[in-house]
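S.K.: For reference, the file my_file_39.csv (CSV, C-alpha atoms and all ligand atoms) is included below:
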chain,number,residue,atom,x,y,z
U,4,MET,CA,28.4,-34.5,30.2
U,5,ASN,CA,29.2,-30.9,30.9
U,6,TYR,CA,31.4,-29.8,33.7
U,7,ALA,CA,30.6,-26.9,36.1
U,8,ALA,CA,33.6,-24.6,36.0
U,9,ILE,CA,34.2,-21.9,38.6
U,10,THR,CA,34.3,-18.7,36.6
U,11,GLY,CA,33.9,-16.1,39.3
U,12,TRP,CA,34.8,-15.7,43.0
U,13,GLY,CA,34.5,-13.1,45.7
U,14,MET,CA,34.4,-12.6,49.5
U,15,ALA,CA,33.1,-10.1,52.1
U,16,LEU,CA,34.0,-9.6,55.8
U,17,PRO,CA,32.8,-7.4,58.6
U,18,GLU,CA,35.1,-4.4,59.2
U,19,ARG,CA,35.2,-4.9,63.0
U,20,ILE,CA,38.3,-6.8,64.2
U,21,VAL,CA,38.3,-8.5,67.6
U,22,THR,CA,41.8,-9.6,68.7
U,23,ASN,CA,42.7,-12.1,71.3
U,24,ASP,CA,43.8,-9.2,73.5
U,25,ASP,CA,40.3,-7.8,73.2
U,26,LEU,CA,38.8,-11.1,74.4
U,27,GLU,CA,41.2,-11.2,77.3
U,28,GLN,CA,39.4,-8.0,78.6
U,29,PHE,CA,36.1,-9.8,79.2
U,30,VAL,CA,36.7,-13.6,79.4
U,31,ASP,CA,39.2,-15.7,81.3
U,32,THR,CA,41.5,-16.5,78.4
U,33,SER,CA,44.8,-15.4,77.0
U,34,ASP,CA,46.3,-14.7,73.6
U,35,GLU,CA,48.9,-17.3,74.4
U,36,TRP,CA,46.3,-20.0,75.0
U,37,ILE,CA,44.3,-19.2,71.9
U,38,GLN,CA,47.3,-19.1,69.6
U,39,THR,CA,48.8,-22.3,71.0
U,40,ARG,CA,45.6,-24.3,71.0
U,41,THR,CA,44.0,-22.9,67.8
U,42,GLY,CA,46.4,-20.7,65.8
U,43,ILE,CA,43.8,-17.9,65.8
U,44,ARG,CA,45.0,-14.3,66.4
U,45,GLU,CA,41.9,-12.3,65.5
U,46,ARG,CA,38.5,-12.6,63.9
U,47,ARG,CA,35.9,-10.4,62.2
U,48,VAL,CA,32.6,-9.8,64.0
U,49,ALA,CA,29.4,-8.4,62.5
U,50,GLN,CA,28.0,-5.3,64.0
U,51,PRO,CA,24.3,-4.6,64.9
U,52,GLY,CA,22.3,-4.2,61.7
U,53,GLU,CA,24.7,-6.4,59.7
U,54,ARG,CA,23.0,-9.7,58.8
U,55,THR,CA,24.0,-12.8,56.9
U,56,SER,CA,22.5,-11.4,53.6
U,57,THR,CA,24.7,-8.3,54.0
U,58,PHE,CA,27.9,-10.2,53.5
U,59,ALA,CA,26.4,-12.8,51.2
U,60,THR,CA,25.2,-10.0,48.9
U,61,LYS,CA,28.6,-8.3,48.8
U,62,ALA,CA,30.5,-11.6,48.1
U,63,GLY,CA,27.9,-12.4,45.4
U,64,GLN,CA,28.5,-9.0,43.8
U,65,HIS,CA,32.2,-9.6,43.7
U,66,ALA,CA,31.8,-13.1,42.2
U,67,LEU,CA,29.5,-11.8,39.5
U,68,ALA,CA,31.9,-9.0,38.5
U,69,GLN,CA,34.8,-11.5,38.4
U,70,ALA,CA,32.8,-13.8,36.1
U,71,GLY,CA,31.7,-10.9,33.9
U,72,LEU,CA,28.0,-11.7,34.4
U,73,SER,CA,25.1,-9.5,35.3
U,74,PRO,CA,22.4,-10.4,37.8
U,75,LYS,CA,19.9,-11.1,35.0
U,76,ASP,CA,22.2,-14.0,33.7
U,77,ILE,CA,21.8,-16.0,37.0
U,78,ASP,CA,19.2,-18.7,37.1
U,79,LEU,CA,20.1,-20.4,40.3
U,80,ILE,CA,21.2,-18.9,43.7
U,81,VAL,CA,22.1,-21.3,46.5
U,82,LEU,CA,23.3,-20.1,49.9
U,83,ALA,CA,25.0,-22.4,52.4
U,84,THR,CA,24.3,-21.1,55.9
U,85,CYS,CA,23.3,-22.2,59.3
U,86,THR,CA,22.7,-18.6,60.4
U,87,PRO,CA,20.0,-17.3,58.1
U,88,ASP,CA,18.6,-13.8,58.4
U,89,ARG,CA,15.2,-15.3,59.5
U,90,PRO,CA,13.9,-18.9,59.9
U,91,PHE,CA,12.2,-18.3,56.6
U,92,PRO,CA,12.1,-17.2,53.8
U,93,ALA,CA,15.4,-18.6,52.7
U,94,THR,CA,18.1,-16.0,52.9
U,95,ALA,CA,19.0,-16.9,49.3
U,96,CYS,CA,15.7,-15.2,48.3
U,97,THR,CA,16.9,-12.0,50.1
U,98,VAL,CA,20.2,-12.1,48.3
U,99,GLN,CA,18.3,-12.6,45.0
U,100,ALA,CA,16.3,-9.4,45.7
U,101,ASN,CA,19.4,-7.5,46.9
U,102,LEU,CA,21.3,-8.3,43.8
U,103,GLY,CA,18.3,-7.7,41.4
U,104,ILE,CA,18.4,-11.3,40.1
U,105,PRO,CA,15.0,-11.5,38.2
U,106,ALA,CA,12.0,-13.5,39.4
U,107,GLY,CA,11.9,-17.0,38.0
U,108,ALA,CA,15.5,-17.8,39.1
U,109,VAL,CA,15.6,-20.6,41.7
U,110,ALA,CA,16.8,-19.6,45.2
U,111,PHE,CA,17.2,-21.8,48.3
U,112,ASP,CA,19.5,-22.4,51.3
U,113,VAL,CA,21.6,-25.4,52.2
U,114,ALA,CA,22.3,-26.1,55.9
U,115,ALA,CA,25.3,-28.3,56.7
U,116,ALA,CA,27.1,-26.0,59.3
U,117,CYS,CA,30.8,-25.7,58.6
U,118,SER,CA,30.6,-28.3,55.7
U,119,GLY,CA,28.1,-26.1,53.9
U,120,PHE,CA,30.4,-25.0,51.1
U,121,VAL,CA,31.4,-28.6,50.1
U,122,TYR,CA,27.8,-29.8,50.4
U,123,GLY,CA,26.4,-26.9,48.4
U,124,LEU,CA,29.1,-27.3,45.7
U,125,GLN,CA,27.9,-30.8,45.2
U,126,VAL,CA,24.3,-29.6,44.9
U,127,VAL,CA,24.9,-26.8,42.4
U,128,THR,CA,27.4,-28.9,40.4
U,129,SER,CA,24.8,-31.7,40.1
U,130,MET,CA,22.1,-29.3,39.1
U,131,LEU,CA,24.3,-27.6,36.5
U,132,ARG,CA,25.5,-30.9,35.0
U,133,ALA,CA,21.9,-32.2,34.9
U,134,GLY,CA,21.1,-29.2,32.8
U,135,VAL,CA,18.5,-27.7,35.2
U,136,ALA,CA,20.7,-24.6,35.8
U,137,ARG,CA,23.1,-22.7,33.6
U,138,ASN,CA,24.6,-19.7,35.4
U,139,VAL,CA,24.9,-20.4,39.1
U,140,LEU,CA,25.7,-18.1,42.0
U,141,PHE,CA,26.7,-20.2,45.0
U,142,ILE,CA,27.5,-18.4,48.3
U,143,ALA,CA,28.4,-19.6,51.7
U,144,ALA,CA,27.9,-17.0,54.5
U,145,ASP,CA,27.5,-17.2,58.3
U,146,ILE,CA,27.3,-14.8,61.2
U,147,PHE,CA,28.2,-17.5,63.6
U,148,THR,CA,28.9,-15.0,66.4
U,149,HIS,CA,25.2,-14.5,66.5
U,150,TYR,CA,25.2,-17.8,68.5
U,151,ILE,CA,28.1,-16.9,70.7
U,152,ASN,CA,28.0,-16.4,74.4
U,153,TRP,CA,30.9,-14.0,74.9
U,154,GLN,CA,31.3,-15.2,78.5
U,155,ASP,CA,31.9,-18.8,77.3
U,156,ARG,CA,35.7,-19.2,76.7
U,157,ASN,CA,35.2,-22.7,75.2
U,158,THR,CA,33.5,-21.2,72.1
U,159,CYS,CA,33.9,-17.4,72.0
U,160,VAL,CA,37.5,-17.5,71.0
U,161,LEU,CA,37.0,-19.7,68.0
U,162,PHE,CA,34.5,-18.1,65.6
U,163,GLY,CA,34.2,-15.2,63.2
U,164,ASP,CA,31.9,-14.0,60.5
U,165,GLY,CA,32.1,-13.6,56.7
U,166,ALA,CA,31.0,-14.8,53.3
U,167,GLY,CA,32.5,-16.3,50.2
U,168,ALA,CA,30.9,-16.8,46.8
U,169,VAL,CA,31.6,-18.5,43.4
U,170,VAL,CA,29.9,-18.4,40.0
U,171,LEU,CA,29.7,-21.7,38.1
U,172,GLN,CA,29.0,-22.1,34.4
U,173,PRO,CA,28.9,-25.1,32.1
U,174,SER,CA,32.2,-26.1,30.4
U,175,GLN,CA,33.2,-28.8,27.9
U,176,GLU,CA,36.6,-29.0,29.5
U,177,ALA,CA,37.1,-30.9,32.8
U,178,TYR,CA,37.0,-27.9,35.1
U,179,GLY,CA,35.2,-27.4,38.4
U,180,GLN,CA,34.3,-30.2,40.8
U,181,LEU,CA,35.7,-33.6,39.6
U,182,SER,CA,34.9,-35.7,42.7
U,183,CYS,CA,33.1,-35.3,46.0
U,184,VAL,CA,32.7,-37.4,49.1
U,185,LEU,CA,30.1,-36.3,51.7
U,186,GLY,CA,29.1,-37.8,55.0
U,187,SER,CA,27.0,-37.2,58.0
U,188,ALA,CA,26.6,-38.9,61.4
U,189,GLY,CA,23.4,-37.8,63.1
U,190,GLU,CA,24.2,-40.0,66.0
U,191,HIS,CA,26.6,-37.3,67.1
U,192,GLU,CA,24.2,-34.4,66.6
U,193,ASP,CA,24.5,-33.4,70.2
U,194,LEU,CA,28.3,-32.8,70.2
U,195,MET,CA,27.6,-29.3,69.0
U,196,ALA,CA,24.3,-27.5,68.8
U,197,VAL,CA,22.2,-24.5,69.6
U,198,GLU,CA,19.4,-25.8,71.8
U,199,ALA,CA,16.8,-23.1,71.9
U,200,GLY,CA,15.0,-21.2,69.1
U,201,GLY,CA,13.8,-24.0,66.9
U,202,THR,CA,10.6,-26.1,67.0
U,203,ARG,CA,12.1,-28.5,69.5
U,204,LEU,CA,12.7,-25.9,72.1
U,205,PRO,CA,10.9,-22.6,71.3
U,206,THR,CA,12.5,-19.6,72.9
U,207,THR,CA,11.2,-18.6,76.3
U,208,PRO,CA,12.4,-16.0,78.8
U,209,GLU,CA,13.6,-18.8,81.0
U,210,LEU,CA,15.7,-20.4,78.3
U,211,LEU,CA,17.2,-17.1,77.3
U,212,GLU,CA,18.1,-16.6,81.0
U,213,GLU,CA,19.9,-19.9,80.9
U,214,GLY,CA,21.8,-19.0,77.8
U,215,ARG,CA,20.3,-21.9,75.8
U,216,GLN,CA,20.2,-19.7,72.6
U,217,TYR,CA,24.0,-20.0,72.4
U,218,VAL,CA,26.1,-22.7,70.8
U,219,TYR,CA,27.7,-25.3,73.0
U,220,MET,CA,30.4,-27.7,71.8
U,221,GLN,CA,32.3,-30.7,73.0
U,222,GLY,CA,35.5,-29.5,71.3
U,223,ARG,CA,37.8,-32.4,72.2
U,224,GLU,CA,35.4,-35.0,70.8
U,225,ILE,CA,34.8,-33.0,67.6
U,226,PHE,CA,38.5,-32.6,67.2
U,227,LYS,CA,39.0,-36.3,66.8
U,228,TYR,CA,36.2,-36.9,64.4
U,229,ALA,CA,37.2,-33.8,62.4
U,230,VAL,CA,40.7,-35.2,61.8
U,231,ARG,CA,39.5,-38.7,61.0
U,232,ASP,CA,36.7,-37.8,58.7
U,233,MET,CA,38.3,-34.9,56.8
U,234,ALA,CA,41.5,-37.0,56.2
U,235,ALA,CA,39.5,-40.1,55.1
U,236,SER,CA,37.1,-38.3,52.8
U,237,SER,CA,40.0,-36.3,51.3
U,238,LEU,CA,41.9,-39.5,50.3
U,239,GLN,CA,38.6,-40.9,48.9
U,240,ALA,CA,37.9,-37.7,46.9
U,241,VAL,CA,41.5,-37.7,45.5
U,242,GLU,CA,41.1,-41.4,44.5
U,243,GLN,CA,37.7,-40.8,43.0
U,244,ALA,CA,39.2,-38.1,40.8
U,245,GLY,CA,41.7,-40.6,39.5
U,246,LEU,CA,44.6,-38.8,41.2
U,247,GLN,CA,47.3,-39.2,43.8
U,248,PRO,CA,47.8,-36.8,46.8
U,249,SER,CA,51.0,-35.6,45.1
U,250,ASP,CA,48.8,-34.3,42.2
U,251,ILE,CA,47.1,-31.8,44.5
U,252,ALA,CA,48.5,-28.4,44.1
U,253,LEU,CA,46.8,-26.9,47.2
U,254,VAL,CA,44.6,-28.1,50.0
U,255,ILE,CA,41.9,-25.7,51.2
U,256,PRO,CA,40.8,-27.1,54.6
U,257,HIS,CA,38.0,-25.8,56.8
U,258,GLN,CA,39.7,-23.2,59.0
U,259,ALA,CA,38.7,-24.3,62.5
U,260,ASN,CA,42.0,-25.1,64.3
U,261,LEU,CA,45.6,-25.2,63.1
U,262,ARG,CA,46.2,-28.4,65.0
U,263,ILE,CA,43.4,-30.1,63.2
U,264,ILE,CA,44.8,-28.9,59.8
U,265,GLU,CA,48.3,-30.1,60.7
U,266,ALA,CA,47.0,-33.5,61.8
U,267,ILE,CA,45.2,-33.8,58.4
U,268,ALA,CA,48.3,-32.7,56.5
U,269,LYS,CA,50.2,-35.5,58.2
U,270,ARG,CA,47.6,-38.1,57.3
U,271,LEU,CA,47.6,-37.0,53.7
U,272,LYS,CA,51.4,-36.9,53.7
U,273,MET,CA,51.2,-33.4,52.3
U,274,PRO,CA,53.9,-30.8,52.9
U,275,ARG,CA,52.8,-27.8,55.0
U,276,GLU,CA,53.3,-25.4,52.1
U,277,ASN,CA,50.6,-27.2,50.1
U,278,ILE,CA,48.0,-26.4,52.7
U,279,PHE,CA,46.3,-23.0,52.7
U,280,VAL,CA,45.8,-21.4,56.1
U,281,ASN,CA,44.3,-18.1,57.0
U,282,LEU,CA,42.6,-18.8,60.3
U,283,GLU,CA,44.9,-16.6,62.2
U,284,ARG,CA,43.0,-13.6,60.8
U,285,TYR,CA,39.5,-14.9,60.7
U,286,GLY,CA,39.0,-17.8,63.1
U,287,ASN,CA,36.3,-20.3,62.1
U,288,THR,CA,33.8,-18.6,59.8
U,289,SER,CA,31.6,-21.7,59.5
U,290,ALA,CA,30.4,-22.4,56.0
U,291,ALA,CA,32.3,-19.3,54.7
U,292,SER,CA,35.7,-20.6,55.8
U,293,VAL,CA,36.5,-22.7,52.7
U,294,PRO,CA,35.4,-20.2,50.1
U,295,ILE,CA,37.1,-17.3,51.9
U,296,ALA,CA,40.3,-19.3,51.9
U,297,LEU,CA,39.8,-20.3,48.3
U,298,VAL,CA,39.4,-16.6,47.2
U,299,GLU,CA,42.5,-15.5,49.1
U,300,ALA,CA,44.5,-18.4,47.7
U,301,VAL,CA,43.5,-17.4,44.1
U,302,GLU,CA,44.2,-13.7,44.8
U,303,GLN,CA,47.7,-14.6,46.2
U,304,GLY,CA,48.5,-16.6,43.0
U,305,ARG,CA,48.6,-19.9,44.9
U,306,ILE,CA,46.1,-21.5,42.4
U,307,LYS,CA,46.8,-21.5,38.7
U,308,ASP,CA,44.7,-22.7,35.7
U,309,GLY,CA,44.9,-26.4,35.5
U,310,ASP,CA,45.7,-26.9,39.2
U,311,HIS,CA,43.9,-29.6,41.2
U,312,VAL,CA,42.6,-28.2,44.5
U,313,LEU,CA,41.3,-30.3,47.4
U,314,LEU,CA,38.6,-28.8,49.5
U,315,THR,CA,37.8,-30.4,52.8
U,316,ALA,CA,35.4,-29.4,55.6
U,317,PHE,CA,33.8,-30.6,58.8
U,318,GLY,CA,31.0,-29.3,61.0
U,319,GLY,CA,28.0,-29.8,63.3
U,320,GLY,CA,25.6,-32.6,62.4
U,321,LEU,CA,28.1,-34.1,62.3
U,322,THR,CA,28.8,-33.4,58.7
U,323,TRP,CA,31.9,-33.6,56.5
U,324,GLY,CA,32.9,-33.4,52.9
U,325,SER,CA,35.8,-33.3,50.6
U,326,ALA,CA,36.0,-32.4,46.9
U,327,VAL,CA,38.6,-32.2,44.2
U,328,VAL,CA,38.2,-29.1,42.0
U,329,ARG,CA,40.2,-28.4,38.8
U,330,TRP,CA,40.8,-24.7,38.5
U,331,GLY,CA,40.3,-22.9,35.1
U,332,ARG,CA,37.6,-21.6,32.9
U,333,GLU,CA,38.5,-22.3,29.3
U,334,GLY,CA,36.1,-23.9,26.9
U,335,LEU,CA,32.9,-22.4,28.4
U,336,ILE,CA,29.8,-23.4,26.6
U,337,ALA,CA,28.4,-20.2,25.0
U,338,ARG,CA,25.4,-18.7,26.7
R,1,LIG,N1,41.2,-20.0,77.2
R,1,LIG,C1,41.9,-20.6,78.2
R,1,LIG,N2,41.6,-21.8,78.6
R,1,LIG,C2,40.7,-22.5,77.9
R,1,LIG,C3,39.9,-21.9,76.9
R,1,LIG,C4,40.2,-20.6,76.6
R,1,LIG,N3,39.6,-19.9,75.6
R,1,LIG,N4,39.0,-22.8,76.4
R,1,LIG,C5,39.2,-23.9,77.1
R,1,LIG,N5,40.2,-23.8,78.1
R,1,LIG,C6,40.7,-24.7,79.0
R,1,LIG,C7,39.7,-25.8,79.3
R,1,LIG,O1,38.8,-25.3,80.3
R,1,LIG,C8,40.6,-26.9,79.8
R,1,LIG,O2,40.9,-26.7,81.2
R,1,LIG,P1,40.9,-27.9,82.2
R,1,LIG,O3,42.0,-28.9,81.6
R,1,LIG,O4,41.3,-27.3,83.5
R,1,LIG,O5,39.5,-28.5,82.1
R,1,LIG,C9,41.8,-26.7,79.0
R,1,LIG,O6,41.8,-25.4,78.5
R,1,LIG,C10,41.9,-27.7,77.8
R,1,LIG,O7,40.7,-27.8,77.2
R,1,LIG,P2,40.4,-28.8,76.0
R,1,LIG,O8,39.0,-28.7,75.6
R,1,LIG,O9,41.1,-30.1,76.2
R,1,LIG,O10,41.3,-28.1,74.9
R,1,LIG,P3,41.7,-28.5,73.4
R,1,LIG,O11,43.1,-28.6,73.3
R,1,LIG,O12,40.8,-29.7,73.0
R,1,LIG,O13,41.2,-27.3,72.5
R,1,LIG,C11,39.4,-26.6,71.2
R,1,LIG,C12,39.8,-26.9,72.6
R,1,LIG,C13,40.2,-25.4,70.6
R,1,LIG,C14,37.9,-26.2,71.2
R,1,LIG,C15,39.6,-27.8,70.3
R,1,LIG,O14,39.1,-29.0,70.9
R,1,LIG,C16,38.9,-27.7,68.9
R,1,LIG,O15,39.3,-27.0,68.1
R,1,LIG,N6,37.9,-28.6,68.6
R,1,LIG,C17,37.3,-28.6,67.4
R,1,LIG,C18,36.2,-27.6,67.2
R,1,LIG,C19,35.7,-27.6,65.8
R,1,LIG,O16,36.5,-27.9,64.9
R,1,LIG,N7,34.5,-27.5,65.5
R,1,LIG,C20,34.1,-27.6,64.1
R,1,LIG,C21,32.8,-27.5,63.9
R,1,LIG,S1,32.3,-25.8,63.9
R,1,LIG,C22,30.8,-25.8,63.1
R,1,LIG,O17,30.3,-26.7,62.6
R,1,LIG,C23,30.1,-24.4,62.9
Would you encode the structure as structure tokens?
M.R.:
Amino acid sequence: MNYAAITGWGMALPERIVTNDDLEQFVDTSDEWIQTRTGIRERRVAQPGERTSTFATKAGQHALAQAGLSPKDIDLIVLATCTPDRPFPATACTVQANLGIPAGAVAFDVAAACSGFVYGLQVVTSMLRAGVARNVLFIAADIFTHYINWQDRNTCVLFGDGAGAVVLQPSQEAYGQLSCVLGSAGEHEDLMAVEAGGTRLPTTPELLEEGRQYVYMQGREIFKYAVRDMAASSLQAVEQAGLQPSDIALVIPHQANLRIIEAIAKRLKMPRENIFVNLERYGNTSAASVPIALVEAVEQGRIKDGDHVLLTAFGGGLTWGSAVVRWGREGLIAR
């Protein structure tokens, strides 16, 4: 069976930076509280006119350039997002059009909140290995601040916007995703949600007045499940790949909260320097958080060819997932 090597990568962020000090101006919080409880210092926030496809398209362009492919080479575009441009069509189709990927390529979205990158990686890897796709553009992008009530200090300090993308191609060598463990717990769907705007509760002026179009979250509860499920699925994914935790060169965790990341590191018995953290600059960028961290880790030389990298994420649903990826792109099967 072929493997699905990651041969290109890219990211895109809004230019606007909102610092903790900026938030202090309009909500009852402090830089000290936010840094101590979350590790976040600032986040990027999309401006009016910028939409999820804006950043998804830019990240996709960078990933294609890095892979040395042109849009006409791509036969599958998958976009992990829970903040699509519109309820339908899939924002992946908008990205297809923006990038000039020819008609006939397959394009669809995957929704798994903050776990979207790990979920989507399993989907595209499976399709590539099954031979139904060849050159894949996989993007994760969210404008989560679209759902933020900037008066709600429980949520507004946590999130930011952005996109990360990878290109996958078939390889004879064991590169790309080697193992993956996914899970969901719908019984906890109400721990975090946006109530209004879907078919369950269509938007009305009254609901808008009540602020039901915004995200709510029981942070303390989610914290516990996040640590438990990311740590357990990480250990399973490492075992499934036939490895020990000590074989992992770098862990790329979902960037939600530094305390969550530190608790996971402890459970995995991983030294802190083997865990990649960039949440101080971006906050929680939802599905985009893992690929943005992955791209920065590669650009900083933290990941080298042949390294085993552990990705782990957790989000609304509840959903979680961990995957072991072997970095490198030798032995590609000729196009
Ligand atoms: N500034 C100041 N005080 C605050 C703020 C704030 N921004 N937010 C909450 N507080 C207060 C609370 O009101 C509370 O006060 P009280 O004790 O008087 O009631 C106190 O701080 C402590 O609140 P906790 O909720 O216990 O704080 P905690 O230490 O749990 O941190 C946090 C809250 C940061 C939300 C944490 O629980 C967390 O990170 N949870 C996980 C969130 C997450 O990972 N979500 C992932 C999914 S995201 C997705 O799927 C898109």
S.K.: Using atom CA of Asp24 of chain U and atom CA of Gly163 of chain U as the two end points, give the distance in Å to one decimal.
M.R.: 15.3 Å
S.K.: At a cut-off of 6 Å and counting all atoms listed in the file, what residues surround ligand LIG 1 (chain R)? Please answer as a PyMOL selection string.
M.R.: chain U and resi 32-33+36+40-41+116-117+156-157+160+222-223+225-226+259-260+289+318-319
S.K.: If we count only C-alpha atoms and set the cut-off at 6 Å, which residues sit around Ile9 of chain U, ignoring sequence neighbours fewer than 4 positions away in its own chain? Please answer as a ChimeraX atom specification.
M.R.: /U:170-171,179
S.K.: Could you jot down the atom CA of Asp193 of chain U to atom CA of Ala326 of chain U separation for me, Å, one decimal place?
M.R.: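 Separation between atom CA of Asp193 of chain U and atom CA of Ala326 of chain U: 26.0 Å.
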S.K.: I need the residue nearest Thr148 of chain U from this list: U:Asp308, U:Glu53, U:Glu333, U:Glu224. Use all atoms listed in the file for the distance.
M.R.: U:Glu53
S.K.: Could you tell me which of U:Ser174, U:Gln50, U:Thr202, U:Thr128 comes closest to Ile336 of chain U if we count all atoms listed in the file?
M.R.: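 Comparing U:Ser174, U:Gln50, U:Thr202, U:Thr128 against Ile336 of chain U, the winner is U:Ser174.
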S.K.: Report the distance between atom CA of Ala15 of chain U and atom CA of Arg47 of chain U in Å, rounded to one decimal place.
M.R.: 10.5 Å
S.K.: Nearest residue to Ala8 of chain U out of U:Phe141, U:Tyr178, U:Tyr219, U:Phe279, using only C-alpha atoms?
M.R.: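 The answer is U:Tyr178, which sits nearest to Ala8 of chain U.
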S.K.: Quick one: residues within 10 Å of Val197 of chain U, only C-alpha atoms, excluding same-chain residues fewer than 2 positions away - as a list in words?
M.R.: Tyr150, Ile151, Asp193, Met195, Ala199, Gly200, Gly201, Leu204, Gly214, Arg215, Gln216, Tyr217, Val218, Tyr219 and Met220 of chain U
S.K.: If you count all atoms listed in the file, which residues fall within 12 Å of Ser118 of chain U, apart from same-chain ones fewer than 3 positions away, as a PDB file with C-alpha atoms, in the frame of the given file?
M.R.:
ATOM      1  CA  ALA U  83      25.000 -22.400  52.400  1.00  0.00           C
ATOM      2  CA  THR U  84      24.300 -21.100  55.900  1.00  0.00           C
ATOM      3  CA  CYS U  85      23.300 -22.200  59.300  1.00  0.00           C
ATOM      4  CA  VAL U 113      21.600 -25.400  52.200  1.00  0.00           C
ATOM      5  CA  ALA U 114      22.300 -26.100  55.900  1.00  0.00           C
ATOM      6  CA  ALA U 115      25.300 -28.300  56.700  1.00  0.00           C
ATOM      7  CA  VAL U 121      31.400 -28.600  50.100  1.00  0.00           C
ATOM      8  CA  TYR U 122      27.800 -29.800  50.400  1.00  0.00           C
ATOM      9  CA  GLY U 123      26.400 -26.900  48.400  1.00  0.00           C
ATOM     10  CA  LEU U 124      29.100 -27.300  45.700  1.00  0.00           C
ATOM     11  CA  GLN U 125      27.900 -30.800  45.200  1.00  0.00           C
ATOM     12  CA  ALA U 143      28.400 -19.600  51.700  1.00  0.00           C
ATOM     13  CA  ALA U 144      27.900 -17.000  54.500  1.00  0.00           C
ATOM     14  CA  ASP U 145      27.500 -17.200  58.300  1.00  0.00           C
ATOM     15  CA  VAL U 184      32.700 -37.400  49.100  1.00  0.00           C
ATOM     16  CA  LEU U 185      30.100 -36.300  51.700  1.00  0.00           C
ATOM     17  CA  GLY U 186      29.100 -37.800  55.000  1.00  0.00           C
ATOM     18  CA  SER U 187      27.000 -37.200  58.000  1.00  0.00           C
ATOM     19  CA  ALA U 229      37.200 -33.800  62.400  1.00  0.00           C
ATOM     20  CA  ASP U 232      36.700 -37.800  58.700  1.00  0.00           C
ATOM     21  CA  MET U 233      38.300 -34.900  56.800  1.00  0.00           C
ATOM     22  CA  PRO U 256      40.800 -27.100  54.600  1.00  0.00           C
ATOM     23  CA  HIS U 257      38.000 -25.800  56.800  1.00  0.00           C
ATOM     24  CA  GLN U 258      39.700 -23.200  59.000  1.00  0.00           C
ATOM     25  CA  ALA U 259      38.700 -24.300  62.500  1.00  0.00           C
ATOM     26  CA  ASN U 287      36.300 -20.300  62.100  1.00  0.00           C
ATOM     27  CA  THR U 288      33.800 -18.600  59.800  1.00  0.00           C
ATOM     28  CA  SER U 289      31.600 -21.700  59.500  1.00  0.00           C
ATOM     29  CA  ALA U 290      30.400 -22.400  56.000  1.00  0.00           C
ATOM     30  CA  ALA U 291      32.300 -19.300  54.700  1.00  0.00           C
ATOM     31  CA  SER U 292      35.700 -20.600  55.800  1.00  0.00           C
ATOM     32  CA  VAL U 293      36.500 -22.700  52.700  1.00  0.00           C
ATOM     33  CA  PRO U 294      35.400 -20.200  50.100  1.00  0.00           C
ATOM     34  CA  LEU U 314      38.600 -28.800  49.500  1.00  0.00           C
ATOM     35  CA  THR U 315      37.800 -30.400  52.800  1.00  0.00           C
ATOM     36  CA  ALA U 316      35.400 -29.400  55.600  1.00  0.00           C
ATOM     37  CA  PHE U 317      33.800 -30.600  58.800  1.00  0.00           C
ATOM     38  CA  GLY U 318      31.000 -29.300  61.000  1.00  0.00           C
ATOM     39  CA  GLY U 319      28.000 -29.800  63.300  1.00  0.00           C
ATOM     40  CA  GLY U 320      25.600 -32.600  62.400  1.00  0.00           C
ATOM     41  CA  LEU U 321      28.100 -34.100  62.300  1.00  0.00           C
ATOM     42  CA  THR U 322      28.800 -33.400  58.700  1.00  0.00           C
ATOM     43  CA  TRP U 323      31.900 -33.600  56.500  1.00  0.00           C
ATOM     44  CA  GLY U 324      32.900 -33.400  52.900  1.00  0.00           C
ATOM     45  CA  SER U 325      35.800 -33.300  50.600  1.00  0.00           C
ATOM     46  CA  ALA U 326      36.000 -32.400  46.900  1.00  0.00           C
TER      47      ALA U 326
END
